[in-house]
Protein chains: 2
Amino acid sequence: MKSLIENITAIQVESPVDKIIGQLKQLIISGQLKPGDRLPAERVLSERFGLGRSYIREAILKLEFYGLLKTNPQSGTYVAGLSINVIDNIISDIIKFNKDDFNALIEARYHLELNAVKLAAERRSEEDLESLRLAMEAYENKVGAGGDAVEEDMVFHIKIAKATKNSVIESMILILVPDLIKNIVENKICGDNRAKTAIEEHRMIYAAIESQDMAKAEEAMAGHLDEIWQISKAGFAAQSIINETER
Amino acid sequence: MKSLIENITAIQVESPVDKIIGQLKQLIISGQLKPGDRLPAERVLSERFGLGRSYIREAILKLEFYGLLKTNPQSGTYVAGLSINVIDNIISDIIKFNKDDFNALIEARYHLELNAVKLAAERRSEEDLESLRLAMEAYENKVGAGGDAVEEDMVFHIKIAKATKNSVIESMILILVPDLIKNIVENKICGDNRAKTAIEEHRMIYAAIESQDMAKAEEAMAGHLDEIWQISKAGFAAQSIINETER
DNA sequence: ACCAATTAATTGGTTTACCAAAAATAAACA
DNA sequence: TGTTTATTTTTGGTAAACCAATTAATTGGT
C-alpha cells in the first residue's frame with residue numbers, strides 16, 4: 001500500500017491570469033478574434049470573464065511581453081498579426097514557462113555560455129576586460145577568505161555575457177542566473193575544492209577573451225562548465241529511460 | 001546646418017514601473033534592504049514613491065519573474081537571498097530587455113537553434129517526428145500556394161524546440177519567434193525564391209532529426225539559417241567599426 | 001448630400017477602496 | 001510565570017472608481 005504522502009497530489013492552482021490567457025487563446029482559435037483585430041475593451045473582458053480588470057491587465061501584460069498583443073493607450077489592445085498557428089503554439093507553452101527544471105536550466109546555461117564566451121572573445125572592449133578582471137579578482141578573494149563564491153562566480157559570467165554586445169543573449173543569461181544560484185547553493189552541487197580549481201579555469205577563460213581567441217575561450221568555458229553539465233546530461237538520460245519504460 | 005528632423009530626440013518615457021525598479025535597486029544597494037529582508041508593504045511603497053499601488057505590484061511582478069523577489073500572499077514580498085553584487089548587475093539590465101535589436105535577435109536565434117536541433121535529434125520522440133512532419137508539410141503547401149510562409153516556417157522551428165525536451169530552451173525560442181516574424185516580414189529579408197530552396201533544407205533537417213544524426217542536423221540547420229545569419233554578422237561588424245571610430 | 005465643429009461615449013492609465021487570510025499583539029486562564 | 005485563546009492590525013488579492021486622451025457620433029451649416 002502506498003504511503004499517505006504519496007497520495008498528496010500537487011495542488012494545481014490555475015491562477016486567474018492563466019485562465020484568462022487560456023480563454024483569450026480560445027477566442028483566437030475559434031476565430032472570434034482574428035490576428036490584427038482589436039481586443040474587446042478591458043472592462044468588457046473583465047465582465048465577460050467575471051474577473052476584475054486587474055487580472056485582465058496582468059494577462060495582457062504577460063501576453064504583450066511575449067509579443068502576442070500590442071496595446072496602444074487610449075485606443076485598444078490588438079492581436080499581433082501572427083497566424084493562428086503560431087499564436088496557438090506559443091500560448092500553449094507560455095503558462096508553463098517555469099524555470100524549476102534544474103537539468104533544463106543547467107543545459108540551457110551550458111549552451112548559452114559556450115556561445116556567449118565566443119562572442120565575448122570576439123567583441124570584448126577594453127572596458128569589458130577591466131570589469132571582467134575585477135569580477136574575477138572578487139571571486140578569488142572570496143574563495144581565499146573561505147566563503148562559497150557562487151554569486152561572485154555568476155557575476156563573472158554576467159560580465160562575459162555583457163561583453164557579447166548581444167542584448168538578447170545577455171538578457172537570457174541574466175534571467176537564468178538567479179535560478180541557477182538558488183539551485184546550486186541549495187543542492188551543494190560542486191565539491192569543496194571545486195572553488196579553487198575554478199580559479200585557474202577563470203584565468204584561462206579571461207586570458208582567451210583577452211587575446212580574442214574564440215576557440216580557446218570556448219574550450220576553456222567548456223572545461224569550466226563540464227562538471228555541472230554532466231549532472232544535467234545524467235538527468236536527461238534518466239528521463240529518457242523513464243519515457244521508454246512508460247511507452 | 002542640421003536638418004530639423006535630426007534634432008528631434010527620441011522621447012524617453014521612463015515608465016513608472018521602471019522608476020520603481022530603479023528605486024528598489026537603490027534601496028538594496030544602499031543597504032536599507034538586505035537580501036532576505038521583507039520589502040515594505042505595497043501600500044507603504046506606494047506612498048513612499050508617490051505612485052499608485054498598481055505600479056508597485058507591476059514592478060514586483062517583473063522583479064519576481066526575474067527571480068529577484070518572492071512574494072508570499074498575505075505575508076509579504078521578500079528579496080531573494082542573492083548578494084548585492086548579483087542583484088545590482090541584473091537589475092541594471094532588466095529594463096533594457098528589449099527585443100528590438102534585430103541583429104541581436106537573429107544572432108541569438110542562430111545559436112539557440114543550432115543547439116536546439118542537436119538536442120532535438122538526440123531526444124525526439126515519435127510524436128515529435130509526427131508533428132514536425134505536419135508542420136513541414138504545412139509550410140510546403142503554403143509555399144506551393146504562393147504565400148509567404150514565414151509563420152509556417154516558424155512553427156516548424158517551434159516544433160523542433162519542443163523536441164529538445166528542454167523547457168528552458170523551448171521557452172527562449174518561443175519568446176523570440178514573434179519578434180523574428182515581425183522583423184522578417186517587415187524587412188522582407190529573404191529573396192523570393194528563398195522559400196522554395198528552404199523546402200529542401202527543411203527536409204534535410206527533418207531527415208537528420210529522424211535518423212537522430214546530431215552532426216548532420218546541426219549542419220543542415222546551419223545551412224538553413226546561414227543567409228539570414230550573414231545579415232546579423234554584417235550588422236555587428238558595422239557596429240564594431242562605429243565603436244572604433246568613436247574611440 | 002456633404003463637410004466641419006462640437007459633443008458624447010469609449011479607451012487604457014491610474015488611483016482608491018474593500019476583502020479574507022496571516023501575523024502580531026493583547027488578554028485571559030492555568 | 002507560561003500558555004492559550006481572542007482580538008486587532010497588517011498583509012497581498014481583488015474589484016471598483018476616477019482621469020485624461022482618443023475615437024465615434026451628432027449636430028449645424030452649407
# chains A, B, ... in the order shown; residues from 1 in each chain; ligands from 1
>>> closest_atom_pairs(of="chain C", to="chain A", cutoff="10 Å", atoms="only C-alpha atoms (C1' of nucleotides)", output="Markdown table")
| residue | atom | partner | partner_atom | distance |
| --- | --- | --- | --- | --- |
| C:DT10 | C1' | A:Ala41 | CA | 8.6 |
| C:DT11 | C1' | A:Gln74 | CA | 4.4 |
| C:DG12 | C1' | A:Gln74 | CA | 4.8 |
| C:DG13 | C1' | A:Pro73 | CA | 7.6 |
>>> write_last_selection(atoms="all heavy atoms", output="mmCIF file, in the first residue's frame")
data_model
loop_
_atom_site.group_PDB
_atom_site.id
_atom_site.type_symbol
_atom_site.label_atom_id
_atom_site.label_comp_id
_atom_site.auth_asym_id
_atom_site.auth_seq_id
_atom_site.Cartn_x
_atom_site.Cartn_y
_atom_site.Cartn_z
ATOM 1 P P DT C 10 -20.402 53.777 -24.960
ATOM 2 O OP1 DT C 10 -21.110 52.687 -25.659
ATOM 3 O OP2 DT C 10 -20.663 54.069 -23.537
ATOM 4 O "O5'" DT C 10 -18.840 53.533 -25.141
ATOM 5 C "C5'" DT C 10 -18.269 53.669 -26.446
ATOM 6 C "C4'" DT C 10 -16.762 53.565 -26.354
ATOM 7 O "O4'" DT C 10 -16.218 54.848 -25.934
ATOM 8 C "C3'" DT C 10 -16.264 52.538 -25.329
ATOM 9 O "O3'" DT C 10 -15.335 51.673 -25.944
ATOM 10 C "C2'" DT C 10 -15.599 53.397 -24.248
ATOM 11 C "C1'" DT C 10 -15.174 54.623 -25.020
ATOM 12 N N1 DT C 10 -15.022 55.848 -24.192
ATOM 13 C C2 DT C 10 -13.890 56.610 -24.316
ATOM 14 O O2 DT C 10 -12.991 56.336 -25.092
ATOM 15 N N3 DT C 10 -13.853 57.720 -23.506
ATOM 16 C C4 DT C 10 -14.811 58.123 -22.599
ATOM 17 O O4 DT C 10 -14.668 59.131 -21.934
ATOM 18 C C5 DT C 10 -15.965 57.272 -22.518
ATOM 19 C C7 DT C 10 -17.065 57.620 -21.567
ATOM 20 C C6 DT C 10 -16.014 56.188 -23.307
ATOM 21 P P DT C 11 -14.687 50.485 -25.148
ATOM 22 O OP1 DT C 11 -14.705 49.337 -26.076
ATOM 23 O OP2 DT C 11 -15.320 50.394 -23.809
ATOM 24 O "O5'" DT C 11 -13.187 50.953 -24.955
ATOM 25 C "C5'" DT C 11 -12.383 51.225 -26.107
ATOM 26 C "C4'" DT C 11 -11.101 51.918 -25.708
ATOM 27 O "O4'" DT C 11 -11.416 53.259 -25.230
ATOM 28 C "C3'" DT C 11 -10.370 51.289 -24.536
ATOM 29 O "O3'" DT C 11 -9.509 50.268 -24.991
ATOM 30 C "C2'" DT C 11 -9.552 52.471 -23.994
ATOM 31 C "C1'" DT C 11 -10.409 53.685 -24.354
ATOM 32 N N1 DT C 11 -11.090 54.339 -23.198
ATOM 33 C C2 DT C 11 -10.516 55.427 -22.614
ATOM 34 O O2 DT C 11 -9.450 55.887 -22.959
ATOM 35 N N3 DT C 11 -11.245 55.964 -21.568
ATOM 36 C C4 DT C 11 -12.455 55.533 -21.084
ATOM 37 O O4 DT C 11 -13.020 56.090 -20.161
ATOM 38 C C5 DT C 11 -12.994 54.376 -21.749
ATOM 39 C C7 DT C 11 -14.321 53.814 -21.303
ATOM 40 C C6 DT C 11 -12.296 53.838 -22.758
ATOM 41 P P DG C 12 -8.967 49.191 -23.966
ATOM 42 O OP1 DG C 12 -8.464 48.044 -24.711
ATOM 43 O OP2 DG C 12 -10.022 49.023 -22.966
ATOM 44 O "O5'" DG C 12 -7.752 49.943 -23.283
ATOM 45 C "C5'" DG C 12 -6.562 50.164 -24.031
ATOM 46 C "C4'" DG C 12 -5.696 51.199 -23.347
ATOM 47 O "O4'" DG C 12 -6.534 52.233 -22.800
ATOM 48 C "C3'" DG C 12 -4.865 50.687 -22.164
ATOM 49 O "O3'" DG C 12 -3.648 51.412 -22.098
ATOM 50 C "C2'" DG C 12 -5.752 50.977 -20.984
ATOM 51 C "C1'" DG C 12 -6.344 52.320 -21.406
ATOM 52 N N9 DG C 12 -7.626 52.592 -20.785
ATOM 53 C C8 DG C 12 -8.736 51.799 -20.809
ATOM 54 N N7 DG C 12 -9.744 52.307 -20.156
ATOM 55 C C5 DG C 12 -9.254 53.507 -19.661
ATOM 56 C C6 DG C 12 -9.893 54.493 -18.864
ATOM 57 O O6 DG C 12 -11.038 54.493 -18.437
ATOM 58 N N1 DG C 12 -9.034 55.554 -18.579
ATOM 59 C C2 DG C 12 -7.739 55.640 -19.019
ATOM 60 N N2 DG C 12 -7.054 56.734 -18.636
ATOM 61 N N3 DG C 12 -7.134 54.729 -19.759
ATOM 62 C C4 DG C 12 -7.953 53.694 -20.039
ATOM 63 P P DG C 13 -2.620 51.236 -20.873
ATOM 64 O OP1 DG C 13 -1.253 51.384 -21.390
ATOM 65 O OP2 DG C 13 -3.003 50.030 -20.120
ATOM 66 O "O5'" DG C 13 -2.937 52.526 -19.989
ATOM 67 C "C5'" DG C 13 -2.328 53.767 -20.371
ATOM 68 C "C4'" DG C 13 -2.394 54.761 -19.222
ATOM 69 O "O4'" DG C 13 -3.765 54.909 -18.787
ATOM 70 C "C3'" DG C 13 -1.591 54.375 -17.987
ATOM 71 O "O3'" DG C 13 -0.969 55.544 -17.444
ATOM 72 C "C2'" DG C 13 -2.643 53.822 -17.037
ATOM 73 C "C1'" DG C 13 -3.857 54.672 -17.395
ATOM 74 N N9 DG C 13 -5.138 54.007 -17.165
ATOM 75 C C8 DG C 13 -5.544 52.810 -17.682
ATOM 76 N N7 DG C 13 -6.748 52.468 -17.318
ATOM 77 C C5 DG C 13 -7.156 53.518 -16.495
ATOM 78 C C6 DG C 13 -8.375 53.719 -15.798
ATOM 79 O O6 DG C 13 -9.369 52.981 -15.773
ATOM 80 N N1 DG C 13 -8.373 54.915 -15.078
ATOM 81 C C2 DG C 13 -7.332 55.797 -15.052
ATOM 82 N N2 DG C 13 -7.507 56.886 -14.311
ATOM 83 N N3 DG C 13 -6.191 55.622 -15.706
ATOM 84 C C4 DG C 13 -6.175 54.469 -16.396
#
>>> select_by_dssp(residues="region 146-191 of chain B", states="alpha helix (DSSP H)", output="NGL selection string")
:B and (150-163 or 167-187)
>>> residues_around(residues="DT14 (chain C)", least_positions_apart="4", cutoff="10 Å", atoms="only C-alpha atoms (C1' of nucleotides)", output="PyMOL selection string")
(chain B and resi 51-55) or (chain D and resi 18-19)
>>> closest_atom_pairs(of="chain D", to="chain B", cutoff="10 Å", atoms="only C-alpha atoms (C1' of nucleotides)", output="tab-separated table")
residue	atom	partner	partner_atom	distance
D:DT10	C1'	B:Ala41	CA	8.5
D:DT11	C1'	B:Gln74	CA	4.3
D:DG12	C1'	B:Gln74	CA	4.8
D:DG13	C1'	B:Pro73	CA	7.8
>>> closest_atom_pairs(of="chain A", to="chain B", cutoff="9 Å", atoms="only C-alpha atoms", output="Markdown table")
| residue | atom | partner | partner_atom | distance |
| --- | --- | --- | --- | --- |
| A:Ser54 | CA | B:Ser54 | CA | 8.4 |
| A:Glu58 | CA | B:Glu58 | CA | 8.1 |
| A:Phe65 | CA | B:Ile175 | CA | 8.3 |
| A:Tyr66 | CA | B:Ile175 | CA | 5.5 |
| A:Gly67 | CA | B:Pro178 | CA | 5.7 |
| A:Leu68 | CA | B:Pro178 | CA | 7.0 |
| A:Ala80 | CA | B:Pro178 | CA | 8.4 |
| A:Gly81 | CA | B:Lys182 | CA | 8.2 |
| A:Leu82 | CA | B:Glu151 | CA | 7.2 |
| A:Ser83 | CA | B:Glu151 | CA | 6.7 |
| A:Asn85 | CA | B:Val155 | CA | 7.1 |
| A:Val86 | CA | B:Val155 | CA | 6.0 |
| A:Ile87 | CA | B:Pro178 | CA | 8.7 |
| A:Asn89 | CA | B:Val155 | CA | 7.5 |
| A:Ile90 | CA | B:Leu174 | CA | 6.2 |
| A:Asp93 | CA | B:Ser171 | CA | 7.5 |
| A:Ile94 | CA | B:Ser171 | CA | 7.5 |
| A:Lys96 | CA | B:Ser167 | CA | 8.5 |
| A:Phe97 | CA | B:Ser171 | CA | 6.3 |
| A:Asn98 | CA | B:Val168 | CA | 7.7 |
| A:Lys99 | CA | B:Val168 | CA | 6.5 |
| A:Asp101 | CA | B:Ser167 | CA | 7.6 |
| A:Asn103 | CA | B:Asn166 | CA | 8.2 |
| A:Ala104 | CA | B:Asn166 | CA | 5.1 |
| A:Leu105 | CA | B:Val168 | CA | 6.2 |
| A:Glu107 | CA | B:Asn166 | CA | 8.0 |
| A:Ala108 | CA | B:Ile169 | CA | 5.8 |
| A:His111 | CA | B:Asn115 | CA | 6.8 |
| A:Leu112 | CA | B:Leu112 | CA | 7.5 |
| A:Asn115 | CA | B:His111 | CA | 6.8 |
| A:Arg123 | CA | B:Ser240 | CA | 7.8 |
| A:Glu151 | CA | B:Val86 | CA | 6.5 |
| A:Glu152 | CA | B:Asn85 | CA | 7.5 |
| A:Met154 | CA | B:Val86 | CA | 7.4 |
| A:Val155 | CA | B:Val86 | CA | 6.0 |
| A:Ile158 | CA | B:Asn89 | CA | 7.7 |
| A:Lys159 | CA | B:Asn89 | CA | 8.7 |
| A:Lys165 | CA | B:Ala104 | CA | 8.2 |
| A:Asn166 | CA | B:Ala104 | CA | 5.1 |
| A:Ser167 | CA | B:Ala104 | CA | 6.4 |
| A:Val168 | CA | B:Ala104 | CA | 5.9 |
| A:Ile169 | CA | B:Ala108 | CA | 5.8 |
| A:Glu170 | CA | B:Asp93 | CA | 8.8 |
| A:Ser171 | CA | B:Phe97 | CA | 6.1 |
| A:Met172 | CA | B:Met172 | CA | 7.6 |
| A:Leu174 | CA | B:Ile90 | CA | 6.2 |
| A:Ile175 | CA | B:Tyr66 | CA | 5.5 |
| A:Leu176 | CA | B:Tyr66 | CA | 8.0 |
| A:Val177 | CA | B:Val86 | CA | 8.6 |
| A:Pro178 | CA | B:Gly67 | CA | 5.7 |
| A:Asp179 | CA | B:Gly67 | CA | 6.6 |
| A:Ile181 | CA | B:Leu82 | CA | 8.0 |
| A:Lys182 | CA | B:Gly81 | CA | 8.3 |
| A:Phe236 | CA | B:Lys165 | CA | 8.6 |
| A:Ser240 | CA | B:Arg123 | CA | 7.8 |
>>> residues_around(residues="Glu130 (chain A)", least_positions_apart="6", cutoff="12 Å", atoms="only C-alpha atoms (C1' of nucleotides)", output="list in words")
Arg124, Met136, Glu137, Phe156, Lys159, Ile160, Ala163, Tyr206, Ile209 and Glu210 of chain A
>>> select_by_dssp(residues="region 60-196 of chain A", states="strand (DSSP E or B)", output="NGL selection string")
:A and (69-72 or 76-79)
>>> write_last_selection(atoms="C-alpha atoms", output="CSV table (one decimal), in the first residue's frame")
chain,number,residue,atom,x,y,z
A,69,LEU,CA,-0.5,41.5,-28.1
A,70,LYS,CA,0.2,45.2,-28.5
A,71,THR,CA,-1.7,47.7,-26.5
A,72,ASN,CA,-2.0,51.3,-27.6
A,76,GLY,CA,-7.1,49.5,-27.5
A,77,THR,CA,-5.2,46.2,-27.4
A,78,TYR,CA,-4.5,44.4,-30.6
A,79,VAL,CA,-3.7,40.9,-31.5
>>> atom_distance(atom1="CA of Ser15 (chain B)", atom2="CA of Glu47 (chain B)")
17.5 Å
>>> residues_around(residues="DT7 (chain C)", least_positions_apart="5", cutoff="9 Å", atoms="only C-alpha atoms (C1' of nucleotides)", output="PDB file with N, CA, C and O atoms (P, O5', C5', C4', C3', O3' and C1' of nucleotides), in the first residue's frame")
ATOM      1  P    DA D  25     -20.084  55.335 -34.330  1.00  0.00           P
ATOM      2  O5'  DA D  25     -20.925  56.619 -33.895  1.00  0.00           O
ATOM      3  C5'  DA D  25     -21.261  56.774 -32.533  1.00  0.00           C
ATOM      4  C4'  DA D  25     -21.929  58.107 -32.298  1.00  0.00           C
ATOM      5  C3'  DA D  25     -23.031  58.461 -33.311  1.00  0.00           C
ATOM      6  O3'  DA D  25     -24.175  58.843 -32.580  1.00  0.00           O
ATOM      7  C1'  DA D  25     -21.456  60.238 -33.135  1.00  0.00           C
ATOM      8  P    DT D  26     -25.554  59.080 -33.341  1.00  0.00           P
ATOM      9  O5'  DT D  26     -25.715  60.654 -33.167  1.00  0.00           O
ATOM     10  C5'  DT D  26     -25.325  61.246 -31.924  1.00  0.00           C
ATOM     11  C4'  DT D  26     -25.244  62.752 -32.070  1.00  0.00           C
ATOM     12  C3'  DT D  26     -26.358  63.353 -32.935  1.00  0.00           C
ATOM     13  O3'  DT D  26     -26.989  64.384 -32.201  1.00  0.00           O
ATOM     14  C1'  DT D  26     -24.241  64.169 -33.614  1.00  0.00           C
ATOM     15  P    DT D  27     -28.370  64.911 -32.646  1.00  0.00           P
ATOM     16  O5'  DT D  27     -28.047  66.449 -32.890  1.00  0.00           O
ATOM     17  C5'  DT D  27     -27.080  67.113 -32.060  1.00  0.00           C
ATOM     18  C4'  DT D  27     -26.352  68.158 -32.883  1.00  0.00           C
ATOM     19  C3'  DT D  27     -27.274  69.033 -33.749  1.00  0.00           C
ATOM     20  O3'  DT D  27     -27.207  70.366 -33.285  1.00  0.00           O
ATOM     21  C1'  DT D  27     -25.303  68.388 -34.903  1.00  0.00           C
TER      22       DT D  27
END
>>> atom_distance(atom1="CA of His202 (chain A)", atom2="CA of His224 (chain A)")
7.6 Å
>>> atom_distance(atom1="CA of Ala207 (chain B)", atom2="CA of Leu225 (chain B)")
16.7 Å
>>> residues_around(residues="Ile28 (chain B)", least_positions_apart="2", cutoff="10 Å", atoms="only C-alpha atoms (C1' of nucleotides)", output="list in words")
Gly22, Gln23, Leu24, Lys25, Gln26, Ser30, Gly31, Gln32, Leu33, Lys34, Pro35, Asp37, Val79, Ser83, Ile84, Ile87 and Asp88 of chain B
